[in-house]
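See structure below.
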Amino acid sequence: MASVTPAQRAARLAPARPSLALRLLDNRNILGLLMIAPAAAILLVFLAYPLGLGFWLGMTDASIGQAGRFVGFDNFVSLAHDRIFWLSVFNTTLYTVVASVLKFGLGLYLALLLNRRLPMKSLIRAVVLLPFVTPTVLSAIAFWWIYDPQFSIISWTLIKLGLMHQYIDFLGQPWNARWSVIAANVWRGIPFVAITLLAGLQTISPSLYEAATLDGAGPWQRFRFVTLPMLSPIIAVVMTFSVLLTFTDFQLIYAITRGGPMNATHLMATLSFQRAITGGRLGEGAAIADSMVPFLLGAILFSYFGLQRRRWQQGSRD
Amino acid sequence: MVDISRRRLLQSGGAAGLLLMPGAPRAEPAWNGPAPEPGASIRVLRWKQFIQAEYDSFVVNTKKFTDQTGVKVRIEAESWDDIRPKSAVAANVGAGPDIIMGTLDDPFKFKDKLLDLTDLAEYIGAKSGGWYPVARKYGMDGKRWIALPQGASGGCMNYRISAMRAAGFDEFPKDTAGYLKLCQGLKKTGKPPGFALGHATGDANGWAQWCLWAFGGKTVDDNNNVALDSPETVAALEYAKQLYATYIDGVLSWLDPSNNKAFLADQISLTLNGVSIYTVAKNSPDPALKAIAADMDHANMPIGPVGKPSEQQNILNTYAYKYSKYPNAVREYLRFMWDKPQVDYWETQSNGYVAPPLPAWNDNPVWTADPKVTPFRDVLKYALDDGYSGSLGNASAATMGDFVVVDMFAEACTGDKTPKAAAHDAAERVKRYYSA
């Protein structure tokens, strides 16, 4: 009869060592990577790859139906001499700056109003959110009718009230068209800013306001020294998003004016579409879209580094 | 033993003898195309109908084809503006519809990806006495056919007869000088003309290109050299500026449906459009619209100092892809749909919506049953091709897609630039497309 050595007995009693695969899965780093793999795959395939492809296309003379040759920066050089391209850059900058300032101002005001005691608060907040959740194309078509040179409801009302004698040419003059689409964009974008800032306002502790009131601060001083500093991180985040979305706006312009009159409302996104898809020159359109990236990157970096500062994070000095 | 009766033998012999005799009537061209592949199923993407009856009759014809040959056909309809990029994407990707019924110079952007339709086009031409020259330009790349022109969704001057009489004209002017007087008269009577100057792909290009060519202007010459910056162009712009002074307000913001809305609402009395305004008004139960239909008529576009017609028409061009799994079925379907019995039925049902690409097809009674529709029949006789007088291709398509000519007219008409400066800047834009 073979006797069992102490070593053998110990080995039989000890739990079996797990396989390599199981040990890997227990490793936090490996497990972490596996967890984010699906999301990373989606981002890679649907965001990173198209972005890379866009940069590549901008460096070729591809047209729809024919793969292009690599031409380096020729497209960008050609665009630098294109008057319409620089007009679209101007339009986009004007559109973004004016619409964002208006959205911020009006959104903040709306948030302050909604923060007070209101009857039917939830209902009012839901209604306020409607312009933002309505599909953009639908509201754009509605605005197209509102701005129509012959059938505008605004002109009709003003004429019936006796305040005007002829229909307003909302979209037929370059500057009229610019202000009109900015107004449409502001109408659409206010709820996003307002609801987000409202959430931020709710996190400000009332004791701060009480302390300020006890110190003799008036409403404006309370706003300036309590509300704004505490709200800064939220403002930074929401305005970054708002600027990004406004800068890359396409649907509103395309549905209302298609970039006219005389290219006065062409944003870089709509011009890129017109050149690439309608006109068939994919490389040039991609180059226009690529030239949006520096502006967007600037906006993101501004917000990113701003958020690093303590003042933005906690509202107190660094 | 083969059962041949003497009578049959004599008949066939007589017929053969007749054919061999000199001066005998020529035999109809024979189509020797291969039969469709068994179990074939093809996808057709066509331009979205403007009149429901036109689409319905198209479907009936297609069903007849399926019944006769067993080939399944799936039809999809999309806005013709959206088909342009889709056709290019299909070419790029190598998969998609087998046949696309598109417009203008679409097929020239990817001609290497398309089925050769030379035998079919020559057969149809031989059977019907030949294609219009402009149709040949739109179908042929050199010596081979890459597309079958389907006709044109024609545009004519739509005008109110009462307004024209009030402006002092008994019949629609045939030259540009008289036409300007008419517009000025219409404005005085309070029923102005209205022509789109915004980014309206169909309507704005329709009248802007006509005006440019009527005065001898052109984007490029026969060798594709840019020729837009010329005294003829400036003359066209000066003329258009005078026309613009008579237009209703707001045309700079007009997209394609805008002039339909305005005409049917009695706001304008003259515009450029297809037969859709008339058809909608005629078939409407609303008495106001019926009155407009009774009071309106159509005319071909006036002739300018250049002395010959120079219309820009929306040519419907059909093409098929090499990647199709069933090229024989595709050819047979096209041959069937371009056959006179089918075309006649389709044209009659749609009240003459598509102007024919072959003069021999003009005998359809739908063109004369209602004399108001007759001007639409001949639009291909008067049309010039896109990118006149250069060649069709990527450059001409890109120039039109970027609204270069329309923007030039808009800038000159509003006084944003002097006509000379507008022509110069537009020429610079055209250079970027034709120099690549």
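Chain lettering (A, B, ...) mirrors the order of the structure tokens, residue numbering begins at 1 for each chain separately, and ligand numbering begins at 1 in order of display.
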Any idea which chain B residues end up within 8 Å of chain A if we count only C-alpha atoms, as a ChimeraX atom specification please?
-> /B:84-85,88-93,109-110,197-199,249-255,262,267,394,397-402,407,410-411,429
Do you know which residues are at most 9 Å from stretch 130-138 of chain A counting only C-alpha atoms, after dropping those on the same chain fewer than 5 positions away, and could you put them as a VMD selection string?
-> chain A and resid 125 143 187 to 192 251 to 252 254 to 255
Print the selection's residues with C-alpha atoms to a file, as an mmCIF file, in the first residue's frame.
data_model
loop_
_atom_site.group_PDB
_atom_site.id
_atom_site.type_symbol
_atom_site.label_atom_id
_atom_site.label_comp_id
_atom_site.auth_asym_id
_atom_site.auth_seq_id
_atom_site.Cartn_x
_atom_site.Cartn_y
_atom_site.Cartn_z
ATOM 1 C CA ARG A 125 -40.481 72.836 -16.961
ATOM 2 C CA PHE A 143 -39.883 78.752 -39.102
ATOM 3 C CA TRP A 187 -35.513 79.756 -29.734
ATOM 4 C CA ARG A 188 -34.417 76.176 -30.145
ATOM 5 C CA GLY A 189 -31.413 76.299 -27.858
ATOM 6 C CA ILE A 190 -32.622 78.248 -24.822
ATOM 7 C CA PRO A 191 -34.231 75.248 -23.071
ATOM 8 C CA PHE A 192 -30.992 73.275 -23.101
ATOM 9 C CA GLN A 251 -30.383 71.234 -40.141
ATOM 10 C CA LEU A 252 -31.764 74.659 -39.340
ATOM 11 C CA TYR A 254 -30.457 73.746 -44.680
ATOM 12 C CA ALA A 255 -34.207 73.588 -44.133
#
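If you measure from each of A:Ala194, A:Ala236, A:Ala99, A:Ala126 to A:Arg178 using only C-alpha atoms, the closest one turns out to be A:Ala99.
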Spatial neighbours of stretch 130-139 of chain B, max dist 8 Å, only C-alpha atoms, sep filter under 3 positions, as a PyMOL selection string = chain B and resi 104-105+124-127+145-149+151+317+357-360+380-381+383-385+392
Residue subset to file, keeping C-alpha atoms, as a PDB file, in the first residue's frame:
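Saved file again_5.pdb follows:
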ATOM      1  CA  LEU B 104     -29.090  65.956 -65.920  1.00  0.00           C
ATOM      2  CA  ASP B 105     -25.412  65.154 -65.831  1.00  0.00           C
ATOM      3  CA  ILE B 124     -34.882  52.997 -79.774  1.00  0.00           C
ATOM      4  CA  GLY B 125     -33.536  55.838 -81.888  1.00  0.00           C
ATOM      5  CA  ALA B 126     -33.756  53.805 -85.077  1.00  0.00           C
ATOM      6  CA  LYS B 127     -37.281  52.707 -84.256  1.00  0.00           C
ATOM      7  CA  TRP B 145     -24.417  55.583 -74.632  1.00  0.00           C
ATOM      8  CA  ILE B 146     -24.188  55.527 -70.854  1.00  0.00           C
ATOM      9  CA  ALA B 147     -27.703  56.720 -70.154  1.00  0.00           C
ATOM     10  CA  LEU B 148     -31.175  56.701 -71.672  1.00  0.00           C
ATOM     11  CA  PRO B 149     -32.791  60.127 -71.623  1.00  0.00           C
ATOM     12  CA  GLY B 151     -37.377  63.255 -71.453  1.00  0.00           C
ATOM     13  CA  ASN B 317     -31.760  60.715 -67.461  1.00  0.00           C
ATOM     14  CA  PRO B 357     -36.831  62.885 -75.867  1.00  0.00           C
ATOM     15  CA  LEU B 358     -37.628  61.754 -79.410  1.00  0.00           C
ATOM     16  CA  PRO B 359     -39.581  63.945 -81.843  1.00  0.00           C
ATOM     17  CA  ALA B 360     -41.526  60.911 -83.082  1.00  0.00           C
ATOM     18  CA  LEU B 380     -36.268  69.382 -75.577  1.00  0.00           C
ATOM     19  CA  LYS B 381     -36.207  71.046 -78.974  1.00  0.00           C
ATOM     20  CA  ALA B 383     -33.095  73.150 -74.471  1.00  0.00           C
ATOM     21  CA  LEU B 384     -29.367  73.540 -74.156  1.00  0.00           C
ATOM     22  CA  ASP B 385     -27.306  71.201 -72.029  1.00  0.00           C
ATOM     23  CA  LEU B 392     -20.964  67.293 -69.283  1.00  0.00           C
TER      24      LEU B 392
END
Quick one: pick out all alpha helix (DSSP H) residues within stretch 289-403 of chain B from a backbone DSSP run and write them as a ChimeraX atom specification.
-> /B:289-294,327-337,340-349,366-369,379-382,394-401
Would you output that residue set with N, CA and C atoms, as a short mmCIF file (atom, residue, chain, number, x, y, z; two decimals), in the first residue's frame?
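The resulting selection.cif:
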data_model
loop_
_atom_site.label_atom_id
_atom_site.label_comp_id
_atom_site.auth_asym_id
_atom_site.auth_seq_id
_atom_site.Cartn_x
_atom_site.Cartn_y
_atom_site.Cartn_z
N LEU B 289 -59.25 78.07 -57.26
CA LEU B 289 -58.15 77.47 -58.01
C LEU B 289 -58.61 77.11 -59.42
N LYS B 290 -59.84 76.64 -59.54
CA LYS B 290 -60.37 76.31 -60.88
C LYS B 290 -60.38 77.55 -61.75
N ALA B 291 -60.71 78.68 -61.12
CA ALA B 291 -60.73 79.94 -61.89
C ALA B 291 -59.33 80.28 -62.37
N ILE B 292 -58.32 80.03 -61.51
CA ILE B 292 -56.94 80.31 -61.92
C ILE B 292 -56.57 79.41 -63.09
N ALA B 293 -56.99 78.14 -63.03
CA ALA B 293 -56.66 77.22 -64.12
C ALA B 293 -57.27 77.69 -65.43
N ALA B 294 -58.50 78.19 -65.36
CA ALA B 294 -59.17 78.65 -66.58
C ALA B 294 -58.49 79.91 -67.12
N PRO B 327 -28.01 42.20 -65.59
CA PRO B 327 -27.96 43.23 -66.64
C PRO B 327 -28.94 42.95 -67.78
N ASN B 328 -29.19 41.68 -68.11
CA ASN B 328 -30.14 41.39 -69.19
C ASN B 328 -31.55 41.81 -68.80
N ALA B 329 -31.92 41.52 -67.56
CA ALA B 329 -33.25 41.93 -67.09
C ALA B 329 -33.36 43.45 -67.11
N VAL B 330 -32.27 44.12 -66.72
CA VAL B 330 -32.26 45.59 -66.71
C VAL B 330 -32.52 46.12 -68.11
N ARG B 331 -31.78 45.58 -69.08
CA ARG B 331 -31.93 46.06 -70.46
C ARG B 331 -33.34 45.82 -70.96
N GLU B 332 -33.86 44.62 -70.66
CA GLU B 332 -35.20 44.28 -71.14
C GLU B 332 -36.25 45.19 -70.50
N TYR B 333 -36.07 45.51 -69.22
CA TYR B 333 -37.00 46.41 -68.54
C TYR B 333 -36.98 47.79 -69.19
N LEU B 334 -35.78 48.29 -69.45
CA LEU B 334 -35.68 49.61 -70.06
C LEU B 334 -36.27 49.60 -71.45
N ARG B 335 -35.99 48.54 -72.20
CA ARG B 335 -36.54 48.46 -73.55
C ARG B 335 -38.06 48.48 -73.50
N PHE B 336 -38.63 47.73 -72.56
CA PHE B 336 -40.08 47.67 -72.42
C PHE B 336 -40.66 49.03 -72.05
N MET B 337 -40.04 49.69 -71.06
CA MET B 337 -40.61 50.95 -70.58
C MET B 337 -40.44 52.08 -71.60
N LYS B 340 -43.16 52.39 -77.28
CA LYS B 340 -44.20 53.40 -77.48
C LYS B 340 -45.52 53.10 -76.76
N PRO B 341 -46.05 51.87 -76.80
CA PRO B 341 -47.33 51.64 -76.11
C PRO B 341 -47.27 52.02 -74.62
N GLN B 342 -46.18 51.66 -73.97
CA GLN B 342 -46.06 51.98 -72.54
C GLN B 342 -45.94 53.49 -72.36
N VAL B 343 -45.10 54.11 -73.19
CA VAL B 343 -44.88 55.55 -73.07
C VAL B 343 -46.17 56.31 -73.31
N ASP B 344 -46.91 55.89 -74.34
CA ASP B 344 -48.16 56.59 -74.64
C ASP B 344 -49.12 56.53 -73.47
N TYR B 345 -49.24 55.33 -72.90
CA TYR B 345 -50.16 55.18 -71.76
C TYR B 345 -49.72 56.07 -70.60
N TRP B 346 -48.43 56.03 -70.31
CA TRP B 346 -47.88 56.80 -69.19
C TRP B 346 -48.07 58.30 -69.40
N GLU B 347 -47.80 58.79 -70.60
CA GLU B 347 -47.94 60.22 -70.89
C GLU B 347 -49.40 60.66 -70.78
N THR B 348 -50.29 59.81 -71.32
CA THR B 348 -51.71 60.19 -71.29
C THR B 348 -52.22 60.28 -69.85
N GLN B 349 -51.84 59.28 -69.05
CA GLN B 349 -52.32 59.26 -67.67
C GLN B 349 -51.77 60.44 -66.88
N VAL B 366 -52.33 63.47 -76.12
CA VAL B 366 -52.39 64.23 -74.88
C VAL B 366 -51.80 65.63 -75.07
N TRP B 367 -50.88 65.78 -76.02
CA TRP B 367 -50.23 67.08 -76.21
C TRP B 367 -51.13 68.09 -76.88
N THR B 368 -52.15 67.62 -77.60
CA THR B 368 -53.00 68.57 -78.30
C THR B 368 -54.42 68.58 -77.76
N ALA B 369 -54.76 67.57 -76.94
CA ALA B 369 -56.12 67.53 -76.40
C ALA B 369 -56.42 68.78 -75.59
N VAL B 379 -40.10 71.14 -75.28
CA VAL B 379 -39.01 71.77 -74.52
C VAL B 379 -37.64 71.20 -74.87
N LEU B 380 -37.59 69.92 -75.26
CA LEU B 380 -36.27 69.38 -75.58
C LEU B 380 -35.74 69.92 -76.90
N LYS B 381 -36.66 70.44 -77.72
CA LYS B 381 -36.21 71.05 -78.97
C LYS B 381 -35.46 72.34 -78.66
N TYR B 382 -35.86 73.00 -77.58
CA TYR B 382 -35.33 74.32 -77.29
C TYR B 382 -34.26 74.33 -76.21
N ASN B 394 -18.10 66.04 -64.17
CA ASN B 394 -17.97 66.45 -62.77
C ASN B 394 -17.98 67.97 -62.63
N ALA B 395 -17.27 68.65 -63.55
CA ALA B 395 -17.14 70.10 -63.42
C ALA B 395 -18.47 70.79 -63.64
N SER B 396 -19.21 70.37 -64.67
CA SER B 396 -20.50 71.04 -64.93
C SER B 396 -21.47 70.76 -63.80
N ALA B 397 -21.44 69.51 -63.29
CA ALA B 397 -22.35 69.16 -62.19
C ALA B 397 -22.01 69.96 -60.94
N ALA B 398 -20.70 70.10 -60.66
CA ALA B 398 -20.29 70.82 -59.46
C ALA B 398 -20.64 72.30 -59.56
N THR B 399 -20.46 72.87 -60.76
CA THR B 399 -20.78 74.29 -60.94
C THR B 399 -22.26 74.55 -60.69
N MET B 400 -23.10 73.64 -61.22
CA MET B 400 -24.53 73.82 -61.01
C MET B 400 -24.90 73.57 -59.55
N GLY B 401 -24.29 72.55 -58.96
CA GLY B 401 -24.60 72.20 -57.57
C GLY B 401 -24.22 73.31 -56.60
#
Record the distance separating atom CA of B:Asp256 and atom CA of B:Thr271, expressed in Å with one decimal.
-> 11.7 Å
Quick one: everything within 7 Å of stretch 217-227 of chain B, counting only C-alpha atoms, minus sequence neighbours fewer than 3 positions away in the same chain. Send it as a PyMOL selection string.
-> chain B and resi 212-213+230+232-233+387-391+427+430-431
Selection export as an mmCIF file, in the first residue's frame, atoms kept: N, CA and C atoms:
data_model
loop_
_atom_site.group_PDB
_atom_site.id
_atom_site.type_symbol
_atom_site.label_atom_id
_atom_site.label_comp_id
_atom_site.auth_asym_id
_atom_site.auth_seq_id
_atom_site.Cartn_x
_atom_site.Cartn_y
_atom_site.Cartn_z
ATOM 1 N N LEU B 212 -28.839 83.869 -69.140
ATOM 2 C CA LEU B 212 -27.419 83.933 -69.483
ATOM 3 C C LEU B 212 -27.190 83.526 -70.936
ATOM 4 N N TRP B 213 -27.793 82.378 -71.336
ATOM 5 C CA TRP B 213 -27.564 81.878 -72.687
ATOM 6 C C TRP B 213 -28.274 82.716 -73.732
ATOM 7 N N SER B 230 -17.547 87.925 -69.617
ATOM 8 C CA SER B 230 -17.607 88.428 -70.994
ATOM 9 C C SER B 230 -18.660 89.516 -71.091
ATOM 10 N N GLU B 232 -21.119 89.564 -73.043
ATOM 11 C CA GLU B 232 -22.444 88.957 -73.179
ATOM 12 C C GLU B 232 -23.047 88.665 -71.821
ATOM 13 N N THR B 233 -22.195 88.169 -70.914
ATOM 14 C CA THR B 233 -22.697 87.888 -69.565
ATOM 15 C C THR B 233 -23.171 89.166 -68.900
ATOM 16 N N GLY B 387 -23.840 73.257 -68.471
ATOM 17 C CA GLY B 387 -22.418 73.439 -68.734
ATOM 18 C C GLY B 387 -22.149 73.781 -70.195
ATOM 19 N N TYR B 388 -23.192 74.314 -70.857
ATOM 20 C CA TYR B 388 -23.035 74.753 -72.246
ATOM 21 C C TYR B 388 -21.948 75.834 -72.327
ATOM 22 N N SER B 389 -21.054 75.797 -73.275
ATOM 23 C CA SER B 389 -21.057 74.831 -74.364
ATOM 24 C C SER B 389 -19.929 73.817 -74.198
ATOM 25 N N GLY B 390 -19.525 73.565 -72.984
ATOM 26 C CA GLY B 390 -18.487 72.570 -72.755
ATOM 27 C C GLY B 390 -19.089 71.186 -72.610
ATOM 28 N N SER B 391 -18.329 70.278 -72.038
ATOM 29 C CA SER B 391 -18.814 68.901 -71.926
ATOM 30 C C SER B 391 -19.425 68.660 -70.558
ATOM 31 N N ALA B 427 -16.833 83.935 -62.559
ATOM 32 C CA ALA B 427 -15.854 83.252 -63.414
ATOM 33 C C ALA B 427 -14.732 82.646 -62.573
ATOM 34 N N VAL B 430 -16.016 79.468 -61.211
ATOM 35 C CA VAL B 430 -16.109 78.396 -62.205
ATOM 36 C C VAL B 430 -14.720 77.835 -62.499
ATOM 37 N N LYS B 431 -13.705 78.731 -62.497
ATOM 38 C CA LYS B 431 -12.329 78.276 -62.783
ATOM 39 C C LYS B 431 -11.922 77.180 -61.818
#
Any idea what's packed within 8 Å of B:Gln49, counting only C-alpha atoms, ignoring anything in its chain fewer than 5 positions away? Could you give it as number ranges by chain?
-> B: 54-55, 77
Any chance you could export the current selection's N, CA and C atoms as a PDB file, in the first residue's frame?
ATOM      1  N   GLU B  54     -49.051  60.110 -62.564  1.00  0.00           N
ATOM      2  CA  GLU B  54     -47.859  59.746 -63.330  1.00  0.00           C
ATOM      3  C   GLU B  54     -47.198  58.527 -62.704  1.00  0.00           C
ATOM      4  N   TYR B  55     -47.072  58.526 -61.373  1.00  0.00           N
ATOM      5  CA  TYR B  55     -46.457  57.404 -60.689  1.00  0.00           C
ATOM      6  C   TYR B  55     -47.328  56.155 -60.815  1.00  0.00           C
ATOM      7  N   ALA B  77     -39.140  55.694 -54.838  1.00  0.00           N
ATOM      8  CA  ALA B  77     -39.162  57.064 -55.358  1.00  0.00           C
ATOM      9  C   ALA B  77     -38.607  58.013 -54.316  1.00  0.00           C
TER      10      ALA B  77
END
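Atom CA of B:Gly39 is found 16.9 Å from atom CA of B:Pro97.
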Write out as a list in words all residues of stretch 142-254 of chain B that backbone DSSP assigns to strand (DSSP E or B).
-> Arg144, Trp145, Leu148, Pro149, Gln150, Gly151, Ala152, Ser153, Cys156, Met157, Asn158, Tyr159, Arg160, Asp175, Pro193, Val220 and Val226 of chain B
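Here atom CA of B:Asp203 stands at a distance of 28.8 Å from atom CA of A:His165.
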Residue with smallest distance to B:Phe50 - pool B:Trp210, B:Tyr353, B:Phe169, B:Tyr433, counting only C-alpha atoms | B:Tyr353
Closest of B:Ser276, B:Ser269, B:Thr103, B:Asn364 to B:Trp47 - atom-to-atom distances counting only C-alpha atoms | B:Thr103
Spatial neighbours of stretch 318-320 of chain B, max dist 6 Å, only C-alpha atoms, sep filter under 6 positions, as a PDB file with N, CA and C atoms, in the first residue's frame:
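After the write, result-v8.pdb holds the following:
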ATOM      1  N   ASP B  98     -30.384  48.852 -59.178  1.00  0.00           N
ATOM      2  CA  ASP B  98     -29.860  48.432 -60.474  1.00  0.00           C
ATOM      3  C   ASP B  98     -30.005  49.554 -61.494  1.00  0.00           C
ATOM      4  N   ILE B  99     -31.173  50.227 -61.410  1.00  0.00           N
ATOM      5  CA  ILE B  99     -31.454  51.314 -62.355  1.00  0.00           C
ATOM      6  C   ILE B  99     -31.761  52.563 -61.542  1.00  0.00           C
ATOM      7  N   ILE B 100     -31.234  53.673 -61.986  1.00  0.00           N
ATOM      8  CA  ILE B 100     -31.614  54.939 -61.352  1.00  0.00           C
ATOM      9  C   ILE B 100     -32.179  55.860 -62.424  1.00  0.00           C
ATOM     10  N   MET B 101     -33.366  56.401 -62.134  1.00  0.00           N
ATOM     11  CA  MET B 101     -33.950  57.400 -63.035  1.00  0.00           C
ATOM     12  C   MET B 101     -33.662  58.736 -62.403  1.00  0.00           C
ATOM     13  N   GLY B 102     -32.606  59.350 -62.901  1.00  0.00           N
ATOM     14  CA  GLY B 102     -32.145  60.591 -62.276  1.00  0.00           C
ATOM     15  C   GLY B 102     -32.279  61.754 -63.219  1.00  0.00           C
ATOM     16  N   LEU B 114     -21.094  52.512 -65.223  1.00  0.00           N
ATOM     17  CA  LEU B 114     -22.435  52.317 -65.773  1.00  0.00           C
ATOM     18  C   LEU B 114     -22.438  51.303 -66.903  1.00  0.00           C
ATOM     19  N   LEU B 115     -23.595  50.640 -67.019  1.00  0.00           N
ATOM     20  CA  LEU B 115     -23.782  49.681 -68.102  1.00  0.00           C
ATOM     21  C   LEU B 115     -23.784  50.403 -69.443  1.00  0.00           C
ATOM     22  N   ALA B 147     -26.427  56.444 -70.810  1.00  0.00           N
ATOM     23  CA  ALA B 147     -27.703  56.720 -70.154  1.00  0.00           C
ATOM     24  C   ALA B 147     -28.789  56.815 -71.209  1.00  0.00           C
ATOM     25  N   LEU B 148     -30.022  56.566 -70.787  1.00  0.00           N
ATOM     26  CA  LEU B 148     -31.175  56.701 -71.672  1.00  0.00           C
ATOM     27  C   LEU B 148     -31.964  57.930 -71.230  1.00  0.00           C
ATOM     28  N   PRO B 149     -31.973  58.991 -72.032  1.00  0.00           N
ATOM     29  CA  PRO B 149     -32.791  60.127 -71.623  1.00  0.00           C
ATOM     30  C   PRO B 149     -34.259  59.734 -71.603  1.00  0.00           C
TER      31      PRO B 149
END
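Minimum distance to A:Asn75 across A:Thr213, A:Ser291, A:Ser180, A:Thr227 (counting only C-alpha atoms) occurs at A:Ser291.
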